[in-house]
file my_file.txt (compact mmCIF, C-alpha atoms and all ligand atoms)
# COMPACT_ATOMS: atom_id res chain seq x y z
CA MET W 1 7.07 2.50 -11.72
CA LYS W 2 8.06 -0.87 -13.06
CA CYS W 3 6.90 -4.27 -11.77
CA THR W 4 9.09 -7.24 -12.59
CA PHE W 5 8.23 -10.87 -11.91
CA TYR W 6 11.26 -12.86 -10.72
CA GLY W 7 9.32 -15.93 -9.60
CA VAL W 8 5.68 -16.78 -10.31
CA CYS W 9 5.37 -20.38 -9.02
CA GLY W 10 3.62 -21.40 -5.87
CA SER W 11 4.77 -24.28 -3.63
CA TYR W 12 8.14 -25.15 -5.18
CA PRO W 13 10.27 -24.19 -8.21
CA SER W 14 8.93 -25.59 -11.48
CA ILE W 15 10.04 -29.10 -12.33
CA ASN W 16 9.16 -28.54 -15.98
CA SER W 17 12.22 -26.87 -17.52
CA LEU W 18 10.36 -26.15 -20.78
CA ALA W 19 7.76 -23.92 -19.14
CA SER W 20 8.28 -20.15 -18.76
CA ILE W 21 7.64 -20.41 -15.02
CA LYS W 22 10.56 -21.44 -12.88
CA HIS W 23 11.02 -19.80 -9.49
CA THR W 24 8.80 -19.29 -6.44
CA ALA W 25 7.16 -16.04 -5.38
CA CYS W 26 9.06 -12.80 -5.87
CA VAL W 27 7.93 -9.55 -7.54
CA SER W 28 9.75 -6.22 -7.52
CA VAL W 29 8.30 -2.73 -7.82
CA GLU W 30 10.94 -0.16 -8.72
CA THR W 31 10.67 3.62 -8.94
CA ASP W 32 13.35 6.31 -9.17
CA ASP W 33 13.38 6.43 -5.37
CA PHE W 34 13.10 2.87 -4.04
CA LEU W 35 13.01 -0.84 -4.74
CA LEU W 36 10.24 -2.79 -3.07
CA ILE W 37 10.27 -6.60 -3.19
CA PHE W 38 7.19 -8.68 -2.48
CA ASP W 39 8.29 -11.99 -0.96
CA ALA W 40 11.60 -13.83 -0.94
CA GLY W 41 10.90 -17.05 -2.84
CA SER W 42 13.64 -18.55 -5.01
CA GLY W 43 13.06 -15.73 -7.55
CA ILE W 44 14.78 -13.25 -5.22
CA ILE W 45 18.14 -14.91 -5.91
CA ASN W 46 18.22 -13.66 -9.52
CA LEU W 47 16.91 -10.28 -8.39
CA GLY W 48 19.83 -9.98 -5.95
CA ARG W 49 22.30 -10.75 -8.73
CA SER W 50 20.80 -8.11 -11.03
CA LEU W 51 20.98 -5.17 -8.62
CA PRO W 52 23.45 -2.67 -10.08
CA ASN W 53 24.41 -0.61 -7.04
CA PRO W 54 23.23 0.17 -3.53
CA ASN W 55 21.85 3.64 -4.31
CA LYS W 56 18.19 3.07 -3.42
CA PRO W 57 16.55 1.82 -0.22
CA ILE W 58 15.28 -1.75 -0.51
CA PHE W 59 12.07 -2.90 1.20
CA ILE W 60 11.42 -6.64 1.41
CA VAL W 61 7.73 -7.18 2.20
CA PHE W 62 6.54 -10.58 3.42
CA SER W 63 3.05 -11.97 2.74
CA HIS W 64 3.55 -14.96 5.07
CA PHE W 65 6.29 -17.46 5.83
CA HIS W 66 5.48 -20.61 3.87
CA TYR W 67 8.65 -21.99 2.25
CA ASP W 68 7.83 -20.79 -1.26
CA HIS W 69 7.88 -17.18 0.03
CA ILE W 70 11.13 -17.27 2.05
CA ILE W 71 13.36 -19.96 0.57
CA GLY W 72 15.50 -17.53 -1.47
CA LEU W 73 16.18 -15.11 1.37
CA PRO W 74 19.48 -16.65 2.63
CA TYR W 75 20.78 -16.47 -0.96
CA PHE W 76 19.85 -12.80 -1.55
CA SER W 77 23.35 -11.45 -2.15
CA PRO W 78 22.74 -7.83 -0.93
CA LEU W 79 22.37 -9.27 2.59
CA TYR W 80 26.13 -9.88 2.44
CA ASN W 81 26.98 -6.32 1.40
CA ALA W 82 26.65 -3.73 4.18
CA GLN W 83 26.35 -0.91 1.63
CA TYR W 84 22.75 -1.85 0.83
CA ASN W 85 20.03 -0.22 2.92
CA ILE W 86 17.50 -3.03 3.49
CA SER W 87 14.30 -2.99 5.53
CA PHE W 88 12.06 -5.97 6.21
CA ILE W 89 8.34 -5.17 6.31
CA TYR W 90 5.50 -7.19 7.89
CA PRO W 91 2.43 -6.04 9.85
CA ASN W 92 3.32 -8.09 12.95
CA THR W 93 6.91 -7.05 13.65
CA ASP W 94 7.21 -9.27 16.76
CA ARG W 95 6.37 -12.32 14.66
CA LEU W 96 8.82 -11.30 11.93
CA LYS W 97 11.59 -10.84 14.52
CA THR W 98 10.89 -14.39 15.74
CA VAL W 99 10.78 -15.94 12.26
CA LEU W 100 13.94 -14.38 10.76
CA PRO W 101 16.44 -16.12 13.09
CA LYS W 102 14.62 -19.42 12.41
CA ILE W 103 15.18 -19.08 8.64
CA PHE W 104 18.90 -18.65 9.36
CA ASP W 105 19.02 -21.30 12.10
CA SER W 106 22.17 -23.47 12.00
CA ASP W 107 20.02 -26.55 11.28
CA PHE W 108 19.12 -25.01 7.93
CA PHE W 109 21.83 -22.50 6.97
CA PRO W 110 25.46 -21.87 7.97
CA VAL W 111 25.25 -18.10 8.57
CA SER W 112 23.10 -16.95 11.49
CA PHE W 113 20.82 -13.92 11.10
CA SER W 114 22.75 -11.93 13.71
CA ASP W 115 26.02 -12.54 11.81
CA LEU W 116 24.83 -11.10 8.49
CA PRO W 117 27.15 -8.27 7.32
CA ASN W 118 24.04 -6.29 6.50
CA SER W 119 21.66 -6.03 9.44
CA PRO W 120 18.27 -5.17 7.96
CA SER W 121 15.80 -3.29 10.14
CA VAL W 122 12.29 -4.64 10.80
CA HIS W 123 9.22 -2.43 10.46
CA ASP W 124 5.47 -2.47 9.98
CA PRO W 125 4.08 -1.12 6.67
CA SER W 126 3.47 2.43 8.01
CA PHE W 127 7.28 2.83 7.96
CA CYS W 128 7.01 3.29 4.18
CA ASN W 129 5.03 6.54 4.43
CA GLN W 130 8.18 8.59 5.07
CA PHE W 131 9.58 7.41 1.72
CA GLY W 132 6.70 8.85 -0.31
CA PHE W 133 4.52 5.78 -0.77
CA SER W 134 1.95 3.86 1.22
CA LEU W 135 1.58 0.16 1.79
CA THR W 136 -1.77 -1.01 3.14
CA PRO W 137 -2.02 -4.61 4.36
CA TYR W 138 -5.15 -6.73 4.56
CA ASN W 139 -5.97 -10.32 5.44
CA LEU W 140 -6.26 -12.93 2.70
CA ASN W 141 -8.05 -16.28 2.82
CA HIS W 142 -5.25 -18.82 3.29
CA PRO W 143 -4.48 -21.57 5.86
CA GLY W 144 -2.35 -20.01 8.62
CA GLY W 145 -3.07 -16.51 7.31
CA CYS W 146 -1.49 -14.37 4.64
CA PHE W 147 -1.29 -10.61 4.04
CA GLY W 148 -2.08 -8.89 0.77
CA TYR W 149 -0.91 -5.33 0.15
CA ARG W 150 -1.98 -2.27 -1.78
CA LEU W 151 1.05 -0.18 -2.76
CA SER W 152 0.15 3.40 -3.72
CA VAL W 153 2.65 5.82 -5.20
CA ASN W 154 2.25 8.81 -7.53
CA ASN W 155 -1.51 8.19 -7.95
CA LYS W 156 -0.88 4.62 -9.11
CA SER W 157 -1.69 1.48 -7.17
CA VAL W 158 -0.51 -2.09 -7.32
CA ILE W 159 -2.14 -4.88 -5.31
CA TYR W 160 -0.14 -7.96 -4.40
CA ALA W 161 -2.48 -10.77 -3.33
CA THR W 162 -0.63 -14.06 -3.39
CA ASP W 163 -1.99 -17.16 -1.64
CA ASN W 164 -5.66 -16.23 -1.52
CA GLN W 165 -8.76 -18.31 -2.16
CA LEU W 166 -11.72 -16.52 -3.69
CA THR W 167 -15.06 -18.12 -2.84
CA PRO W 168 -18.68 -17.16 -3.54
CA ASP W 169 -18.83 -15.92 0.08
CA ASN W 170 -15.84 -13.57 -0.03
CA GLN W 171 -15.96 -12.44 -3.68
CA ALA W 172 -17.87 -9.20 -2.92
CA SER W 173 -15.57 -8.10 -0.09
CA PHE W 174 -12.38 -8.79 -2.09
CA SER W 175 -13.91 -7.05 -5.09
CA SER W 176 -14.30 -3.86 -3.05
CA LEU W 177 -10.78 -4.19 -1.57
CA PHE W 178 -9.23 -4.65 -5.01
CA ASN W 179 -11.36 -1.97 -6.67
CA ASP W 180 -9.72 0.93 -8.42
CA CYS W 181 -6.22 -0.41 -8.94
CA ASN W 182 -3.88 -0.20 -11.91
CA LEU W 183 -2.46 -3.67 -11.44
CA LEU W 184 -3.76 -6.65 -9.51
CA ILE W 185 -1.25 -9.46 -8.99
CA HIS W 186 -3.34 -12.39 -7.75
CA ASP W 187 -3.02 -16.06 -6.89
CA CYS W 188 -4.28 -18.36 -9.65
CA TYR W 189 -3.14 -21.86 -8.71
CA PHE W 190 -5.99 -23.73 -10.39
CA PHE W 191 -7.71 -23.67 -13.76
CA GLU W 192 -9.93 -26.66 -14.55
CA GLU W 193 -9.11 -28.85 -11.55
CA SER W 194 -11.89 -30.14 -9.33
CA GLN W 195 -13.12 -27.42 -6.93
CA ALA W 196 -14.45 -30.13 -4.58
CA GLU W 197 -10.99 -31.70 -4.17
CA HIS W 198 -9.25 -28.39 -3.41
CA LYS W 199 -11.83 -26.73 -1.19
CA SER W 200 -9.58 -25.48 1.59
CA TRP W 201 -6.21 -25.19 -0.12
CA GLY W 202 -6.29 -21.40 0.11
CA HIS W 203 -5.75 -20.87 -3.62
CA THR W 204 -7.90 -19.51 -6.43
CA PHE W 205 -9.41 -20.96 -9.61
CA LEU W 206 -9.04 -18.99 -12.84
CA PRO W 207 -12.81 -18.62 -13.55
CA ASP W 208 -13.40 -17.16 -10.05
CA LEU W 209 -10.53 -14.70 -10.42
CA LEU W 210 -11.66 -13.54 -13.86
CA SER W 211 -15.22 -13.00 -12.72
CA LEU W 212 -13.94 -10.83 -9.84
CA ALA W 213 -11.65 -8.82 -12.13
CA LEU W 214 -14.41 -8.27 -14.68
CA THR W 215 -16.77 -6.89 -12.05
CA SER W 216 -14.20 -4.64 -10.32
CA LYS W 217 -12.48 -1.49 -11.51
CA ILE W 218 -9.10 -3.07 -12.32
CA GLN W 219 -6.98 -1.96 -15.25
CA ARG W 220 -4.65 -4.89 -15.46
CA LEU W 221 -4.58 -8.39 -13.97
CA CYS W 222 -1.52 -10.64 -13.71
CA LEU W 223 -2.13 -14.24 -12.73
CA PHE W 224 0.45 -15.26 -10.16
CA HIS W 225 1.42 -18.09 -7.79
CA LEU W 226 0.83 -20.72 -10.46
CA LYS W 227 0.87 -24.46 -9.95
CA PRO W 228 4.53 -25.45 -10.53
CA ASP W 229 4.05 -28.69 -12.45
CA ILE W 230 2.04 -27.24 -15.34
CA ASP W 231 3.45 -27.14 -18.87
CA GLN W 232 3.36 -24.50 -21.60
CA ASP W 233 0.22 -26.05 -23.19
CA TYR W 234 -1.64 -25.59 -19.91
CA ILE W 235 -0.44 -21.94 -19.71
CA ASP W 236 -1.48 -21.33 -23.34
CA ALA W 237 -4.93 -22.80 -22.57
CA MET W 238 -5.26 -20.40 -19.60
CA ASN W 239 -4.42 -17.42 -21.81
CA THR W 240 -6.91 -18.57 -24.47
CA TYR W 241 -9.63 -18.89 -21.81
CA ILE W 242 -8.77 -15.40 -20.49
CA ASP W 243 -8.89 -13.79 -23.96
CA SER W 244 -12.22 -15.38 -24.92
CA THR W 245 -13.84 -14.54 -21.56
CA ILE W 246 -12.75 -10.89 -21.81
CA GLN W 247 -14.00 -10.73 -25.39
CA ASN W 248 -17.36 -12.27 -24.49
CA ASN W 249 -17.77 -9.67 -21.76
CA GLN W 250 -16.71 -6.82 -24.07
CA SER W 251 -14.33 -5.69 -21.32
CA SER W 252 -11.21 -3.53 -21.65
CA LEU W 253 -9.43 -5.50 -18.89
CA LEU W 254 -5.82 -6.43 -19.69
CA ALA W 255 -5.07 -9.85 -18.26
CA THR W 256 -2.32 -12.38 -18.68
CA VAL W 257 -0.57 -15.28 -17.02
CA SER W 258 2.69 -13.92 -15.59
CA PHE W 259 6.03 -15.65 -16.10
CA ASP W 260 9.59 -15.29 -14.81
CA GLY W 261 11.12 -12.18 -16.40
CA PHE W 262 7.77 -10.59 -17.29
CA SER W 263 7.47 -6.89 -16.47
CA VAL W 264 4.79 -4.20 -16.50
CA ASP W 265 5.39 -0.43 -16.70
CA LEU W 266 2.85 1.70 -14.89
ZN ZN V 301 2.63 -19.84 -1.61
ZN ZN V 302 1.05 -20.18 1.53
call {"tool": "encode", "arguments": {"input": "my_file.txt", "output": "structure tokens"}}
result
Amino acid sequence: MKCTFYGVCGSYPSINSLASIKHTACVSVETDDFLLIFDAGSGIINLGRSLPNPNKPIFIVFSHFHYDHIIGLPYFSPLYNAQYNISFIYPNTDRLKTVLPKIFDSDFFPVSFSDLPNSPSVHDPSFCNQFGFSLTPYNLNHPGGCFGYRLSVNNKSVIYATDNQLTPDNQASFSSLFNDCNLLIHDCYFFEESQAEHKSWGHTFLPDLLSLALTSKIQRLCLFHLKPDIDQDYIDAMNTYIDSTIQNNQSSLLATVSFDGFSVDL
């Protein structure tokens, strides 16, 4: 199983061309049998270009429908090739069926959803069980709601938890939800910004995320959904903070700030 990060920014694509973060939310998980894509931010455009052939089923899993998680979908080239077998996954299929035509509405895009050469099917996460893996959704703490997912395949598990705000009140419950995973991909929009000024933004601060990861059974942590207007110095400072905190806690946790093109083999 290989996880590849095609877009790690939250909100909008990075305006700082020197930083290693560029596109908005998109992560792929590929095995010999399938390709699963978490979210369709602008990162999904490069992913679509890099697909070699339509020999594996593709599952596009949505966390929620804020722009940074859907903006690349109309430009995902396999949607224009009927040979690809694409399924859209979201726990509330009625809502997804309502949202998809809106993304392709003529006010925003010239091709309507019903005219796509490839007509993807819409399913809830239990649909994945027949393909040899499970996808368990749960609610995250984000304005308007957001779903996180635990993907389990071949005794390995990956958790995708974008757009989530950890607080002292919910830390224990998220710690038990995230426990025992090989890779946690988690929102980390803030580092040293004022907590008081960003109380209900629905995004997490680095110290809160690290303290959760250090007290849960997590092998590897990738910081994700980063603030788009940060520069490489800011990212380097985050990594330095991560390394020293892990060292001070004498932990074996592997943790890093993710970037576009980064990948993890599990
Ligand atoms: Zn977002
Ligand atoms: Zn959001």
call {"tool": "residues_near_ligand", "arguments": {"input": "my_file.txt", "ligand": "ligand ZN 302 (chain V)", "cutoff": "7 Å", "atoms": "only C-alpha atoms and all ligand atoms", "output": "PyMOL selection string"}}
result
chain W and resi 64+66+142+163
call {"tool": "residues_near_ligand", "arguments": {"input": "my_file.txt", "ligand": "ligand ZN 301 (chain V)", "cutoff": "12 Å", "atoms": "only C-alpha atoms and all ligand atoms", "output": "ChimeraX atom specification"}}
result
/W:7-13,23-26,39-42,62-71,142-147,161-165,186-189,201-204,224-228
call {"tool": "closest_residue", "arguments": {"input": "my_file.txt", "among": "W:Leu183, W:Ile21, W:Pro54, W:Ser173", "to": "Tyr138 (chain W)", "atoms": "all atoms listed in the file"}}
result
W:Ser173
call {"tool": "residues_around", "arguments": {"input": "my_file.txt", "residues": "Ala172 (chain W)", "least_positions_apart": "6", "cutoff": "12 Å", "atoms": "all atoms listed in the file", "output": "list in words"}}
result
Leu166, Phe178, Asn179, Asp208, Leu209, Ser211, Leu212, Ala213, Thr215 and Ser216 of chain W
call {"tool": "atom_distance", "arguments": {"input": "my_file.txt", "atom1": "CA of Ser50 (chain W)", "atom2": "CA of Ile89 (chain W)"}}
result
21.6 Å
call {"tool": "closest_residue", "arguments": {"input": "my_file.txt", "among": "W:Asn139, W:Gln130, W:Ser121, W:Asn55", "to": "Ser87 (chain W)", "atoms": "only C-alpha atoms"}}
result
W:Ser121
call {"tool": "build_atoms", "arguments": {"input": "my_file.txt", "residues": "region 9-38 of chain W", "atoms": "N, CA and C atoms", "output": "compact mmCIF listing (two decimals), in the frame of the given file"}}
result
# COMPACT_ATOMS: atom_id res chain seq x y z
N CYS W 9 5.89 -19.08 -9.46
CA CYS W 9 5.37 -20.38 -9.02
C CYS W 9 4.94 -20.33 -7.56
N GLY W 10 3.93 -21.11 -7.25
CA GLY W 10 3.62 -21.40 -5.87
C GLY W 10 4.26 -22.72 -5.49
N SER W 11 4.34 -22.99 -4.22
CA SER W 11 4.77 -24.28 -3.63
C SER W 11 6.25 -24.59 -3.77
N TYR W 12 6.73 -24.81 -4.99
CA TYR W 12 8.14 -25.15 -5.18
C TYR W 12 8.55 -24.73 -6.60
N PRO W 13 9.85 -24.59 -6.87
CA PRO W 13 10.27 -24.19 -8.21
C PRO W 13 9.78 -25.21 -9.25
N SER W 14 9.49 -24.73 -10.45
CA SER W 14 8.93 -25.59 -11.48
C SER W 14 9.86 -26.75 -11.80
N ILE W 15 9.25 -27.93 -11.95
CA ILE W 15 10.04 -29.10 -12.33
C ILE W 15 9.99 -29.31 -13.84
N ASN W 16 9.28 -28.42 -14.53
CA ASN W 16 9.16 -28.54 -15.98
C ASN W 16 10.05 -27.48 -16.63
N SER W 17 11.25 -27.86 -17.06
CA SER W 17 12.22 -26.87 -17.52
C SER W 17 11.80 -26.20 -18.83
N LEU W 18 10.79 -26.76 -19.52
CA LEU W 18 10.36 -26.15 -20.78
C LEU W 18 9.35 -25.03 -20.57
N ALA W 19 8.76 -24.95 -19.39
CA ALA W 19 7.76 -23.92 -19.14
C ALA W 19 8.44 -22.59 -18.81
N SER W 20 7.70 -21.48 -19.00
CA SER W 20 8.28 -20.15 -18.76
C SER W 20 8.13 -19.75 -17.29
N ILE W 21 7.71 -20.68 -16.45
CA ILE W 21 7.64 -20.41 -15.02
C ILE W 21 8.70 -21.29 -14.34
N LYS W 22 9.46 -20.67 -13.47
CA LYS W 22 10.56 -21.44 -12.88
C LYS W 22 10.63 -21.29 -11.36
N HIS W 23 10.73 -20.02 -10.90
CA HIS W 23 11.02 -19.80 -9.49
C HIS W 23 9.78 -19.50 -8.66
N THR W 24 9.93 -19.60 -7.32
CA THR W 24 8.80 -19.29 -6.44
C THR W 24 8.75 -17.79 -6.12
N ALA W 25 7.67 -17.41 -5.46
CA ALA W 25 7.16 -16.04 -5.38
C ALA W 25 8.18 -14.92 -5.11
N CYS W 26 8.28 -14.03 -6.05
CA CYS W 26 9.06 -12.80 -5.87
C CYS W 26 8.71 -11.82 -6.99
N VAL W 27 8.27 -10.62 -6.59
CA VAL W 27 7.93 -9.55 -7.54
C VAL W 27 8.56 -8.27 -7.04
N SER W 28 9.20 -7.51 -7.93
CA SER W 28 9.75 -6.22 -7.52
C SER W 28 8.93 -5.07 -8.09
N VAL W 29 8.89 -3.99 -7.34
CA VAL W 29 8.30 -2.73 -7.82
C VAL W 29 9.40 -1.68 -7.67
N GLU W 30 9.83 -1.12 -8.78
CA GLU W 30 10.94 -0.16 -8.72
C GLU W 30 10.50 1.20 -9.22
N THR W 31 10.87 2.23 -8.50
CA THR W 31 10.67 3.62 -8.94
C THR W 31 12.05 4.29 -8.92
N ASP W 32 12.08 5.59 -9.23
CA ASP W 32 13.35 6.31 -9.17
C ASP W 32 13.89 6.36 -7.75
N ASP W 33 12.99 6.19 -6.76
CA ASP W 33 13.38 6.43 -5.37
C ASP W 33 13.58 5.18 -4.51
N PHE W 34 12.98 4.06 -4.91
CA PHE W 34 13.10 2.87 -4.04
C PHE W 34 12.89 1.59 -4.83
N LEU W 35 13.29 0.49 -4.21
CA LEU W 35 13.01 -0.84 -4.74
C LEU W 35 12.25 -1.61 -3.67
N LEU W 36 11.03 -2.00 -4.01
CA LEU W 36 10.24 -2.79 -3.07
C LEU W 36 10.13 -4.21 -3.62
N ILE W 37 10.30 -5.20 -2.76
CA ILE W 37 10.27 -6.60 -3.19
C ILE W 37 9.19 -7.33 -2.41
N PHE W 38 8.20 -7.86 -3.12
CA PHE W 38 7.19 -8.68 -2.48
C PHE W 38 7.68 -10.13 -2.44
